[in-house]
>>> print(open('target15.txt').read())   # compact mmCIF, C-alpha atoms and all ligand atoms
# COMPACT_ATOMS: atom_id res chain seq x y z
CA MET A 547 -79.41 107.96 110.62
CA HIS A 548 -78.26 111.44 109.72
CA PRO A 549 -75.23 112.52 111.80
CA GLY A 550 -76.24 114.70 114.74
CA ARG A 551 -79.86 113.54 115.00
CA THR A 552 -81.55 111.05 117.28
CA THR A 553 -84.33 108.71 116.07
CA ASP A 554 -87.04 110.88 117.67
CA GLU A 555 -85.60 114.11 116.29
CA SER A 556 -85.25 112.79 112.75
CA ARG A 557 -89.01 113.06 112.08
CA LEU A 558 -89.50 116.43 113.79
CA VAL A 559 -86.45 118.54 112.99
CA PRO A 560 -86.10 119.65 109.38
CA SER A 561 -82.61 118.89 108.26
CA THR A 562 -80.83 120.79 105.48
CA LEU A 563 -77.84 119.89 103.33
CA ALA A 564 -76.12 122.18 100.82
CA TYR A 565 -74.32 120.85 97.75
CA ARG A 566 -72.49 122.20 94.72
CA SER A 567 -72.67 120.47 91.34
CA TYR A 568 -69.90 121.38 88.91
CA ALA A 569 -70.00 121.82 85.13
CA LYS A 570 -68.09 119.53 82.80
CA VAL A 571 -66.56 119.98 79.39
CA ASN A 572 -65.78 117.28 76.85
CA LEU A 573 -62.15 117.71 75.85
CA TYR A 574 -62.64 115.00 73.23
CA LEU A 575 -65.81 113.43 71.83
CA ASP A 576 -66.00 110.90 69.02
CA VAL A 577 -69.12 109.03 67.93
CA LEU A 578 -68.34 105.45 66.95
CA GLY A 579 -71.77 104.20 65.86
CA ARG A 580 -75.47 103.90 66.57
CA ARG A 581 -76.71 101.45 69.19
CA ASP A 582 -79.93 99.45 69.27
CA ASP A 583 -81.19 101.37 72.34
CA GLY A 584 -81.45 104.70 70.49
CA TYR A 585 -78.14 105.98 71.86
CA HIS A 586 -74.68 106.17 70.25
CA ASP A 587 -71.42 104.57 71.33
CA LEU A 588 -68.97 107.31 72.24
CA GLU A 589 -65.37 107.81 73.20
CA THR A 590 -65.05 110.95 75.27
CA ILE A 591 -62.84 112.65 77.84
CA PHE A 592 -64.82 114.47 80.50
CA GLN A 593 -63.22 117.20 82.60
CA THR A 594 -64.86 119.05 85.51
CA VAL A 595 -64.43 122.84 85.68
CA ASP A 596 -64.98 125.13 88.68
CA LEU A 597 -68.29 126.64 87.52
CA PHE A 598 -71.07 125.32 89.77
CA ASP A 599 -74.78 125.30 90.60
CA GLU A 600 -75.91 125.36 94.25
CA LEU A 601 -78.55 123.06 95.69
CA GLN A 602 -80.10 123.12 99.14
CA PHE A 603 -82.05 120.07 100.33
CA THR A 604 -84.49 120.47 103.22
CA GLU A 605 -86.30 117.44 104.55
CA ARG A 606 -90.11 117.46 104.22
CA PRO A 607 -92.67 114.93 105.49
CA SER A 608 -93.38 113.23 102.14
CA GLU A 609 -93.61 115.55 99.10
CA ILE A 610 -90.82 116.39 96.65
CA THR A 611 -90.85 120.09 95.72
CA LEU A 612 -88.37 122.22 93.80
CA ALA A 613 -87.86 125.98 93.55
CA CYS A 614 -85.51 127.75 91.16
CA ALA A 615 -85.33 131.49 90.49
CA THR A 616 -83.96 131.03 86.95
CA PRO A 617 -86.65 131.84 84.35
CA ASN A 618 -87.72 129.25 81.73
CA ILE A 619 -86.44 126.32 83.77
CA GLY A 620 -89.62 124.34 82.97
CA PRO A 621 -91.97 122.41 85.29
CA PRO A 622 -90.36 120.91 88.44
CA GLU A 623 -91.38 117.35 87.47
CA LYS A 624 -89.23 117.59 84.31
CA ASN A 625 -86.20 118.89 86.21
CA LEU A 626 -83.43 116.30 86.55
CA ALA A 627 -82.91 117.09 90.27
CA TRP A 628 -86.63 116.48 90.96
CA ARG A 629 -86.56 113.31 88.84
CA ALA A 630 -83.49 112.04 90.73
CA ALA A 631 -85.33 112.56 94.04
CA ALA A 632 -88.45 110.80 92.72
CA LEU A 633 -86.37 107.87 91.43
CA LEU A 634 -84.59 107.43 94.79
CA LYS A 635 -87.87 107.66 96.72
CA LYS A 636 -89.44 104.97 94.52
CA GLU A 637 -86.35 102.74 94.45
CA CYS A 638 -86.04 102.75 98.26
CA ASP A 639 -89.77 102.94 98.99
CA CYS A 640 -88.83 105.93 101.16
CA PRO A 641 -91.69 107.75 102.95
CA ARG A 642 -89.71 110.99 103.36
CA GLY A 643 -89.86 114.09 101.16
CA VAL A 644 -87.58 116.99 100.33
CA HIS A 645 -87.67 120.60 99.21
CA ILE A 646 -84.91 121.37 96.70
CA GLU A 647 -83.78 124.99 96.26
CA LEU A 648 -81.75 125.25 93.06
CA THR A 649 -79.53 128.20 92.16
CA LYS A 650 -78.35 127.96 88.56
CA ARG A 651 -75.04 129.44 87.46
CA ILE A 652 -74.29 126.88 84.74
CA PRO A 653 -76.09 127.78 81.49
CA ILE A 654 -78.96 125.43 80.60
CA ALA A 655 -78.82 123.05 77.58
CA ALA A 656 -75.31 124.31 76.87
CA GLY A 657 -73.23 121.10 76.63
CA LEU A 658 -71.94 121.56 80.20
CA ALA A 659 -74.06 118.83 81.89
CA GLY A 660 -75.57 121.34 84.33
CA GLY A 661 -78.83 119.39 84.70
CA SER A 662 -76.99 116.05 84.94
CA GLY A 663 -74.81 117.50 87.70
CA ASN A 664 -77.92 118.65 89.60
CA ALA A 665 -79.24 115.07 89.39
CA ALA A 666 -75.92 113.66 90.64
CA ALA A 667 -75.86 116.09 93.60
CA THR A 668 -79.44 115.07 94.45
CA LEU A 669 -78.53 111.37 94.50
CA HIS A 670 -75.57 112.01 96.83
CA ALA A 671 -77.48 114.44 99.09
CA LEU A 672 -80.66 112.39 99.53
CA ASN A 673 -78.66 109.22 100.14
CA ARG A 674 -77.48 111.09 103.27
CA LEU A 675 -80.56 113.13 104.13
CA TRP A 676 -82.88 110.13 103.90
CA ASP A 677 -80.36 107.73 105.53
CA LEU A 678 -80.51 105.33 102.58
CA ALA A 679 -76.90 104.04 102.72
CA LEU A 680 -76.89 103.09 99.03
CA THR A 681 -73.52 101.95 97.67
CA ASP A 682 -71.66 103.84 94.92
CA THR A 683 -72.50 100.97 92.53
CA HIS A 684 -76.22 101.34 93.30
CA LEU A 685 -76.06 105.14 92.84
CA HIS A 686 -74.23 104.62 89.50
CA ALA A 687 -77.04 102.33 88.28
CA LEU A 688 -79.71 104.90 89.26
CA ALA A 689 -77.67 107.66 87.58
CA GLN A 690 -77.63 105.63 84.34
CA GLU A 691 -81.45 105.64 84.37
CA LEU A 692 -81.48 109.44 84.61
CA GLY A 693 -79.15 110.17 81.66
CA ALA A 694 -75.90 109.26 79.94
CA ASP A 695 -73.84 112.03 81.64
CA VAL A 696 -75.20 111.56 85.18
CA PRO A 697 -72.87 108.65 86.20
CA TYR A 698 -69.84 110.79 85.30
CA CYS A 699 -71.24 113.74 87.27
CA LEU A 700 -71.41 111.56 90.42
CA VAL A 701 -67.59 111.38 90.36
CA GLY A 702 -66.21 114.20 88.19
CA GLY A 703 -62.55 115.01 87.58
CA SER A 704 -60.68 113.73 84.52
CA VAL A 705 -62.40 110.62 83.11
CA ALA A 706 -62.24 108.64 79.85
CA ALA A 707 -65.72 107.33 79.02
CA THR A 708 -67.05 104.84 76.49
CA GLY A 709 -70.42 103.21 75.76
CA ARG A 710 -73.17 105.84 76.03
CA GLY A 711 -70.62 107.94 77.95
CA ASP A 712 -71.48 106.05 81.15
CA GLU A 713 -68.69 103.44 81.20
CA LEU A 714 -66.04 105.32 83.13
CA SER A 715 -62.26 104.97 83.42
CA PRO A 716 -60.87 107.66 85.75
CA LEU A 717 -57.63 109.22 84.47
CA LYS A 718 -54.95 110.66 86.67
CA PRO A 719 -55.83 114.38 87.05
CA LEU A 720 -54.87 116.10 83.79
CA PRO A 721 -52.42 119.02 83.92
CA GLU A 722 -54.17 122.08 85.38
CA ALA A 723 -55.54 124.40 82.71
CA TRP A 724 -57.49 127.64 82.48
CA LEU A 725 -60.39 127.64 80.07
CA VAL A 726 -62.40 130.45 78.50
CA LEU A 727 -66.00 129.28 78.12
CA LEU A 728 -68.10 131.19 75.58
CA HIS A 729 -71.87 131.00 76.12
CA PRO A 730 -73.78 131.87 72.92
CA ALA A 731 -77.42 132.73 73.69
CA LEU A 732 -78.75 129.45 72.27
CA SER A 733 -80.13 126.22 73.73
CA ILE A 734 -79.34 123.09 71.73
CA SER A 735 -81.13 119.75 72.21
CA THR A 736 -78.71 116.84 72.61
CA ALA A 737 -81.23 114.48 71.01
CA HIS A 738 -81.54 116.79 67.98
CA VAL A 739 -77.78 116.75 67.39
CA PHE A 740 -77.33 113.00 67.86
CA ASN A 741 -80.30 112.22 65.61
CA HIS A 742 -79.33 114.67 62.86
CA PRO A 743 -79.24 112.99 59.42
CA LYS A 744 -75.90 114.67 58.66
CA LEU A 745 -74.14 113.18 61.70
CA THR A 746 -71.47 110.74 60.56
CA CYS A 747 -70.03 108.09 62.89
CA SER A 748 -66.41 106.99 62.77
CA GLY A 749 -67.42 103.33 62.36
CA ILE A 750 -64.12 102.32 64.00
CA ALA A 751 -64.28 99.33 66.36
CA PRO A 752 -62.48 99.50 69.72
CA VAL A 753 -59.59 97.11 70.40
CA ASP A 754 -59.50 96.01 74.08
CA GLY A 755 -62.16 98.61 74.91
CA ARG A 756 -60.59 101.63 73.13
CA THR A 757 -59.83 102.61 69.54
CA PRO A 758 -56.13 103.31 68.85
CA ALA A 759 -57.04 106.98 68.22
CA PHE A 760 -58.62 107.27 71.70
CA ALA A 761 -55.58 105.72 73.37
CA GLN A 762 -53.38 108.32 71.62
CA VAL A 763 -55.68 111.19 72.59
CA ILE A 764 -55.65 110.13 76.24
CA ALA A 765 -51.83 110.13 76.19
CA ALA A 766 -51.87 113.62 74.61
CA ALA A 767 -54.30 114.93 77.25
CA GLU A 768 -52.25 113.40 80.08
CA SER A 769 -49.21 115.29 78.81
CA GLY A 770 -51.17 118.56 78.41
CA ASP A 771 -50.88 118.54 74.60
CA TRP A 772 -54.29 120.19 74.17
CA SER A 773 -54.01 120.83 70.44
CA ALA A 774 -53.59 117.06 69.88
CA ALA A 775 -56.32 116.14 72.38
CA LEU A 776 -59.23 118.49 71.64
CA PHE A 777 -61.81 117.24 69.10
CA ASN A 778 -65.60 116.97 68.87
CA ARG A 779 -67.30 115.06 66.05
CA LEU A 780 -70.63 116.78 66.88
CA GLU A 781 -69.21 120.14 65.74
CA GLU A 782 -69.79 119.16 62.10
CA VAL A 783 -73.57 119.05 62.54
CA VAL A 784 -73.88 121.96 64.99
CA PHE A 785 -71.59 124.32 63.03
CA ASP A 786 -73.56 123.52 59.87
CA GLU A 787 -76.74 124.83 61.57
CA HIS A 788 -74.99 127.60 63.53
CA PRO A 789 -71.98 128.86 61.50
CA GLU A 790 -71.44 131.64 64.06
CA LEU A 791 -70.16 128.98 66.50
CA ALA A 792 -67.34 127.98 64.11
CA LYS A 793 -66.41 131.67 63.95
CA LEU A 794 -66.30 131.88 67.77
CA LYS A 795 -63.90 128.93 67.84
CA GLY A 796 -61.68 130.74 65.31
CA ARG A 797 -61.76 133.90 67.41
CA LEU A 798 -60.55 131.99 70.50
CA MET A 799 -57.62 130.61 68.48
CA ASP A 800 -56.83 134.04 67.00
CA ALA A 801 -56.89 135.53 70.52
CA GLY A 802 -54.14 133.13 71.63
CA CYS A 803 -55.74 129.91 72.96
CA SER A 804 -53.57 126.84 72.38
CA ALA A 805 -56.68 124.89 71.29
CA ALA A 806 -60.48 125.39 71.17
CA VAL A 807 -63.48 123.09 70.71
CA MET A 808 -67.26 122.81 71.29
CA SER A 809 -68.33 121.01 74.50
CA GLY A 810 -70.82 118.12 74.21
CA SER A 811 -73.65 118.93 71.81
CA GLY A 812 -72.99 122.65 72.26
CA PRO A 813 -73.41 125.52 72.05
CA THR A 814 -70.61 126.22 74.58
CA ILE A 815 -67.26 126.75 72.85
CA PHE A 816 -64.14 126.80 75.00
CA GLY A 817 -60.47 127.58 74.52
CA VAL A 818 -57.49 126.47 76.61
CA CYS A 819 -55.01 128.95 78.09
CA ALA A 820 -51.79 128.47 80.07
CA SER A 821 -52.63 130.90 82.89
CA GLU A 822 -55.50 132.78 84.52
CA GLU A 823 -54.10 136.09 83.23
CA GLU A 824 -53.96 134.77 79.66
CA ALA A 825 -57.52 133.41 79.95
CA ALA A 826 -58.79 136.76 81.31
CA ARG A 827 -57.08 138.56 78.42
CA VAL A 828 -58.65 136.20 75.83
CA ALA A 829 -62.09 136.57 77.48
CA SER A 830 -61.78 140.38 77.34
CA THR A 831 -61.40 140.23 73.53
CA VAL A 832 -64.89 138.67 73.18
CA ARG A 833 -67.36 141.42 74.04
CA ASP A 834 -70.49 140.27 72.17
CA VAL A 835 -70.89 136.84 73.83
CA ASP A 836 -70.95 135.96 77.57
CA ALA A 837 -67.63 134.50 78.64
CA THR A 838 -66.53 132.73 81.85
CA VAL A 839 -62.96 131.99 82.88
CA VAL A 840 -62.73 128.65 84.71
CA LYS A 841 -60.08 126.33 86.01
CA THR A 842 -60.08 122.53 85.78
CA ALA A 843 -61.42 120.85 88.95
CA THR A 844 -61.34 117.38 90.46
CA VAL A 845 -64.82 116.57 91.84
CA GLY A 846 -68.26 116.60 90.20
CA VAL A 847 -70.31 117.10 93.37
CA GLU A 848 -69.32 118.64 96.69
CA HIS A 849 -71.03 118.84 100.08
CA ALA A 850 -71.01 122.53 100.96
CA GLY A 851 -72.61 122.57 104.41
O1 LIG B 901 -79.04 110.52 78.23
P1 LIG B 901 -79.53 111.86 77.82
O2 LIG B 901 -80.95 112.11 78.25
O3 LIG B 901 -78.63 112.97 78.24
O4 LIG B 901 -79.51 111.85 76.24
C1 LIG B 901 -80.34 112.70 75.46
C2 LIG B 901 -80.41 112.14 74.05
O5 LIG B 901 -79.15 112.29 73.38
C3 LIG B 901 -80.73 110.66 73.96
O6 LIG B 901 -82.11 110.42 73.99
C4 LIG B 901 -80.12 110.29 72.61
O7 LIG B 901 -80.99 110.66 71.56
C5 LIG B 901 -78.90 111.19 72.53
N1 LIG B 901 -77.65 110.50 72.94
C6 LIG B 901 -77.10 109.55 72.10
N2 LIG B 901 -75.96 108.89 72.49
C7 LIG B 901 -75.35 109.17 73.66
C8 LIG B 901 -75.88 110.17 74.52
C9 LIG B 901 -77.04 110.81 74.13
O8 LIG B 901 -77.64 109.27 71.01
N3 LIG B 901 -74.26 108.51 73.99
>>> encode(input="target15.txt", output="structure tokens")
Amino acid sequence: MHPGRTTDESRLVPSTLAYRSYAKVNLYLDVLGRRDDGYHDLETIFQTVDLFDELQFTERPSEITLACATPNIGPPEKNLAWRAAALLKKECDCPRGVHIELTKRIPIAAGLAGGSGNAAATLHALNRLWDLALTDTHLHALAQELGADVPYCLVGGSVAATGRGDELSPLKPLPEAWLVLLHPALSISTAHVFNHPKLTCSGIAPVDGRTPAFAQVIAAAESGDWSAALFNRLEEVVFDEHPELAKLKGRLMDAGCSAAVMSGSGPTIFGVCASEEEAARVASTVRDVDATVVKTATVGVEHAG
């Protein structure tokens, strides 16, 4: 039962919940090898940043509907938030419906897991709105069905991930950092990058769940040594097709970032700065590409009313 409602009211009174879903960056991303299920084994460090989408969930009698003012978002049925609602409804044989109002601030197909975060917020919100009482373990399993990044988005913060990126080891929160995110006007398909013939895998086998290199990188990140921690093996393929992205990374370094790297499968490039003022100064040097200054954050999804 939703807090504040009686059994009789629950069918008659539309109930609304508001959530935020935060963007993530990959501080580190290595590809170890191909798997039999069409995915790749990764070693990655996810970090939430304080750029967020807003979602409002209003209970409806039975249908799932979605509205979003952002152009070119595609049909609702392909949206990850809609798909998360449909998956929950089917899994729990739930007769209820929902209208989802989505306000996008996180760029789409940008390597920031915006869509995965929307799916994670939907799982959390409907678990409450529809009184499903699913455990975190059950939500994690449903998130895995929706996409490799969705389980991480359910928790957020600083996390070391292996497998498809869905086997999670939370880290103690990494030292606070200010990041300059550059948003080139490009959408890049994750599947395209991972299935590119030029993508090379490290081929290195983990020892006790992690390669020695990953263990070292985690220690570097925990001590705030960003130049030793930041790396993305997918850059090789993406920069080959979009050389302007390599130049953007160079410009962030020239402007004074201590380190810079592409997030996920791109095209977002970000640089790390020691303070908000420094990040604002670096962002002001890049006039031809949209830039956002963000701070590291500790949760992936937040109830906002
Ligand atoms: O899970 P998600 O839908 O986000 O993944 C999109 C595509 O990216 C997958 O179909 C797969 O081709 C590729 N991928 C991969 N290995 C991963 C994550 C994604 O090959 N660990």
>>> closest_atom_pairs(input="target15.txt", of="stretch 716-756 of chain A", to="stretch 819-825 of chain A", cutoff="8 Å", atoms="all atoms listed in the file", output="JSON lines")
{"residue": "A:Ala723", "atom": "CA", "partner": "A:Ala820", "partner_atom": "CA", "distance": 6.1}
{"residue": "A:Trp724", "atom": "CA", "partner": "A:Cys819", "partner_atom": "CA", "distance": 5.2}
{"residue": "A:Leu725", "atom": "CA", "partner": "A:Cys819", "partner_atom": "CA", "distance": 5.9}
{"residue": "A:Val726", "atom": "CA", "partner": "A:Ala825", "partner_atom": "CA", "distance": 5.9}
>>> residues_around(input="target15.txt", residues="stretch 637-650 of chain A", least_positions_apart="2", cutoff="6 Å", atoms="only C-alpha atoms", output="PyMOL selection string")
chain A and resi 599-614+633-635+652
>>> residues_around(input="target15.txt", residues="A:Ser804", least_positions_apart="6", cutoff="10 Å", atoms="all atoms listed in the file", output="list in words")
Asp771, Trp772, Ser773, Leu798, Gly817, Val818, Cys819 and Ala820 of chain A
>>> closest_residue(input="target15.txt", among="A:Pro758, A:Lys793, A:Gly709, A:His686", to="A:Asp583", atoms="only C-alpha atoms")
A:Gly709
>>> closest_residue(input="target15.txt", among="A:Leu791, A:Ala659, A:Ala627, A:Ala667", to="ligand LIG 901 (chain B)", atoms="all atoms listed in the file")
A:Ala659
>>> residues_near_ligand(input="target15.txt", ligand="ligand LIG 901 (chain B)", cutoff="6 Å", atoms="all atoms listed in the file", output="PyMOL selection string")
chain A and resi 584-588+693-695+710-711+736-737+740
>>> atom_distance(input="target15.txt", atom1="atom CA of A:Tyr698", atom2="atom CA of A:Phe760")
18.0 Å
>>> residues_around(input="target15.txt", residues="A:His738", least_positions_apart="4", cutoff="10 Å", atoms="only C-alpha atoms", output="list in words")
Ile734, His742, Pro743, Val783, Val784 and Ser811 of chain A
>>> atom_distance(input="target15.txt", atom1="atom CA of A:Asp786", atom2="atom CA of A:Cys803")
23.0 Å
>>> closest_residue(input="target15.txt", among="A:Ser567, A:Asn664, A:Ser715, A:Thr616", to="A:Arg629", atoms="all atoms listed in the file")
A:Asn664
>>> atom_distance(input="target15.txt", atom1="atom CA of A:Gly702", atom2="atom CA of A:Val595")
9.2 Å
>>> closest_residue(input="target15.txt", among="A:Val705, A:Val739, A:Ala806, A:Ala767", to="A:Thr844", atoms="only C-alpha atoms")
A:Val705
>>> decode(input="target15.txt", residues="stretch 713-724 of chain A", atoms="all heavy atoms", output="mmCIF file, in the first residue's frame")
data_model
loop_
_atom_site.group_PDB
_atom_site.id
_atom_site.type_symbol
_atom_site.label_atom_id
_atom_site.label_comp_id
_atom_site.auth_asym_id
_atom_site.auth_seq_id
_atom_site.Cartn_x
_atom_site.Cartn_y
_atom_site.Cartn_z
ATOM 1 N N GLU A 713 28.117 -6.505 -12.874
ATOM 2 C CA GLU A 713 28.549 -7.141 -11.618
ATOM 3 C C GLU A 713 29.249 -6.050 -10.825
ATOM 4 O O GLU A 713 30.326 -5.580 -11.212
ATOM 5 C CB GLU A 713 29.470 -8.333 -11.908
ATOM 6 C CG GLU A 713 28.717 -9.463 -12.610
ATOM 7 C CD GLU A 713 29.625 -10.560 -13.147
ATOM 8 O OE1 GLU A 713 30.723 -10.777 -12.587
ATOM 9 O OE2 GLU A 713 29.235 -11.185 -14.143
ATOM 10 N N LEU A 714 28.612 -5.615 -9.742
ATOM 11 C CA LEU A 714 28.973 -4.333 -9.115
ATOM 12 C C LEU A 714 29.706 -4.518 -7.792
ATOM 13 O O LEU A 714 29.289 -5.315 -6.950
ATOM 14 C CB LEU A 714 27.694 -3.521 -8.866
ATOM 15 C CG LEU A 714 26.741 -3.366 -10.064
ATOM 16 C CD1 LEU A 714 25.498 -2.568 -9.640
ATOM 17 C CD2 LEU A 714 27.431 -2.688 -11.231
ATOM 18 N N SER A 715 30.791 -3.757 -7.617
ATOM 19 C CA SER A 715 31.464 -3.677 -6.307
ATOM 20 C C SER A 715 31.517 -2.203 -5.922
ATOM 21 O O SER A 715 32.355 -1.460 -6.453
ATOM 22 C CB SER A 715 32.907 -4.168 -6.374
ATOM 23 O OG SER A 715 32.977 -5.441 -6.852
ATOM 24 N N PRO A 716 30.635 -1.758 -5.012
ATOM 25 C CA PRO A 716 30.675 -0.347 -4.622
ATOM 26 C C PRO A 716 32.031 0.014 -4.034
ATOM 27 O O PRO A 716 32.630 -0.773 -3.303
ATOM 28 C CB PRO A 716 29.569 -0.242 -3.559
ATOM 29 C CG PRO A 716 28.680 -1.412 -3.828
ATOM 30 C CD PRO A 716 29.565 -2.503 -4.361
ATOM 31 N N LEU A 717 32.549 1.189 -4.397
ATOM 32 C CA LEU A 717 33.798 1.707 -3.829
ATOM 33 C C LEU A 717 33.431 2.725 -2.766
ATOM 34 O O LEU A 717 32.314 3.260 -2.778
ATOM 35 C CB LEU A 717 34.629 2.398 -4.920
ATOM 36 C CG LEU A 717 34.988 1.528 -6.132
ATOM 37 C CD1 LEU A 717 35.695 2.377 -7.187
ATOM 38 C CD2 LEU A 717 35.892 0.364 -5.712
ATOM 39 N N LYS A 718 34.368 3.023 -1.866
ATOM 40 C CA LYS A 718 34.074 4.153 -0.986
ATOM 41 C C LYS A 718 34.017 5.396 -1.884
ATOM 42 O O LYS A 718 34.715 5.444 -2.917
ATOM 43 C CB LYS A 718 35.102 4.274 0.125
ATOM 44 C CG LYS A 718 36.521 4.403 -0.330
ATOM 45 C CD LYS A 718 37.435 4.492 0.863
ATOM 46 C CE LYS A 718 38.791 4.926 0.368
ATOM 47 N NZ LYS A 718 39.954 4.456 0.924
ATOM 48 N N PRO A 719 33.158 6.400 -1.541
ATOM 49 C CA PRO A 719 33.018 7.539 -2.451
ATOM 50 C C PRO A 719 34.393 8.100 -2.818
ATOM 51 O O PRO A 719 35.229 8.313 -1.946
ATOM 52 C CB PRO A 719 32.189 8.540 -1.650
ATOM 53 C CG PRO A 719 31.441 7.714 -0.662
ATOM 54 C CD PRO A 719 32.340 6.550 -0.327
ATOM 55 N N LEU A 720 34.617 8.289 -4.118
ATOM 56 C CA LEU A 720 35.918 8.801 -4.578
ATOM 57 C C LEU A 720 36.041 10.261 -4.182
ATOM 58 O O LEU A 720 35.022 10.933 -3.941
ATOM 59 C CB LEU A 720 36.019 8.637 -6.092
ATOM 60 C CG LEU A 720 35.914 7.184 -6.590
ATOM 61 C CD1 LEU A 720 36.024 7.127 -8.113
ATOM 62 C CD2 LEU A 720 37.004 6.312 -5.958
ATOM 63 N N PRO A 721 37.273 10.792 -4.102
ATOM 64 C CA PRO A 721 37.427 12.210 -3.761
ATOM 65 C C PRO A 721 36.570 13.075 -4.686
ATOM 66 O O PRO A 721 36.491 12.816 -5.888
ATOM 67 C CB PRO A 721 38.912 12.469 -3.997
ATOM 68 C CG PRO A 721 39.559 11.132 -3.873
ATOM 69 C CD PRO A 721 38.553 10.126 -4.333
ATOM 70 N N GLU A 722 35.910 14.079 -4.089
ATOM 71 C CA GLU A 722 35.022 14.959 -4.853
ATOM 72 C C GLU A 722 35.789 15.623 -6.007
ATOM 73 O O GLU A 722 36.936 16.011 -5.825
ATOM 74 C CB GLU A 722 34.536 16.031 -3.893
ATOM 75 C CG GLU A 722 33.313 16.745 -4.326
ATOM 76 C CD GLU A 722 32.860 17.682 -3.217
ATOM 77 O OE1 GLU A 722 33.321 18.833 -3.197
ATOM 78 O OE2 GLU A 722 32.061 17.240 -2.384
ATOM 79 N N ALA A 723 35.163 15.688 -7.156
ATOM 80 C CA ALA A 723 35.831 16.327 -8.300
ATOM 81 C C ALA A 723 34.802 17.096 -9.117
ATOM 82 O O ALA A 723 33.610 16.788 -9.093
ATOM 83 C CB ALA A 723 36.505 15.276 -9.178
ATOM 84 N N TRP A 724 35.284 18.116 -9.804
ATOM 85 C CA TRP A 724 34.465 18.883 -10.741
ATOM 86 C C TRP A 724 34.854 18.466 -12.134
ATOM 87 O O TRP A 724 36.042 18.363 -12.447
ATOM 88 C CB TRP A 724 34.694 20.383 -10.542
ATOM 89 C CG TRP A 724 34.142 20.841 -9.239
ATOM 90 C CD1 TRP A 724 34.785 20.851 -8.025
ATOM 91 C CD2 TRP A 724 32.818 21.311 -8.991
ATOM 92 N NE1 TRP A 724 33.938 21.301 -7.050
ATOM 93 C CE2 TRP A 724 32.726 21.595 -7.609
ATOM 94 C CE3 TRP A 724 31.711 21.520 -9.798
ATOM 95 C CZ2 TRP A 724 31.556 22.087 -7.032
ATOM 96 C CZ3 TRP A 724 30.546 22.002 -9.228
ATOM 97 C CH2 TRP A 724 30.481 22.281 -7.855
#
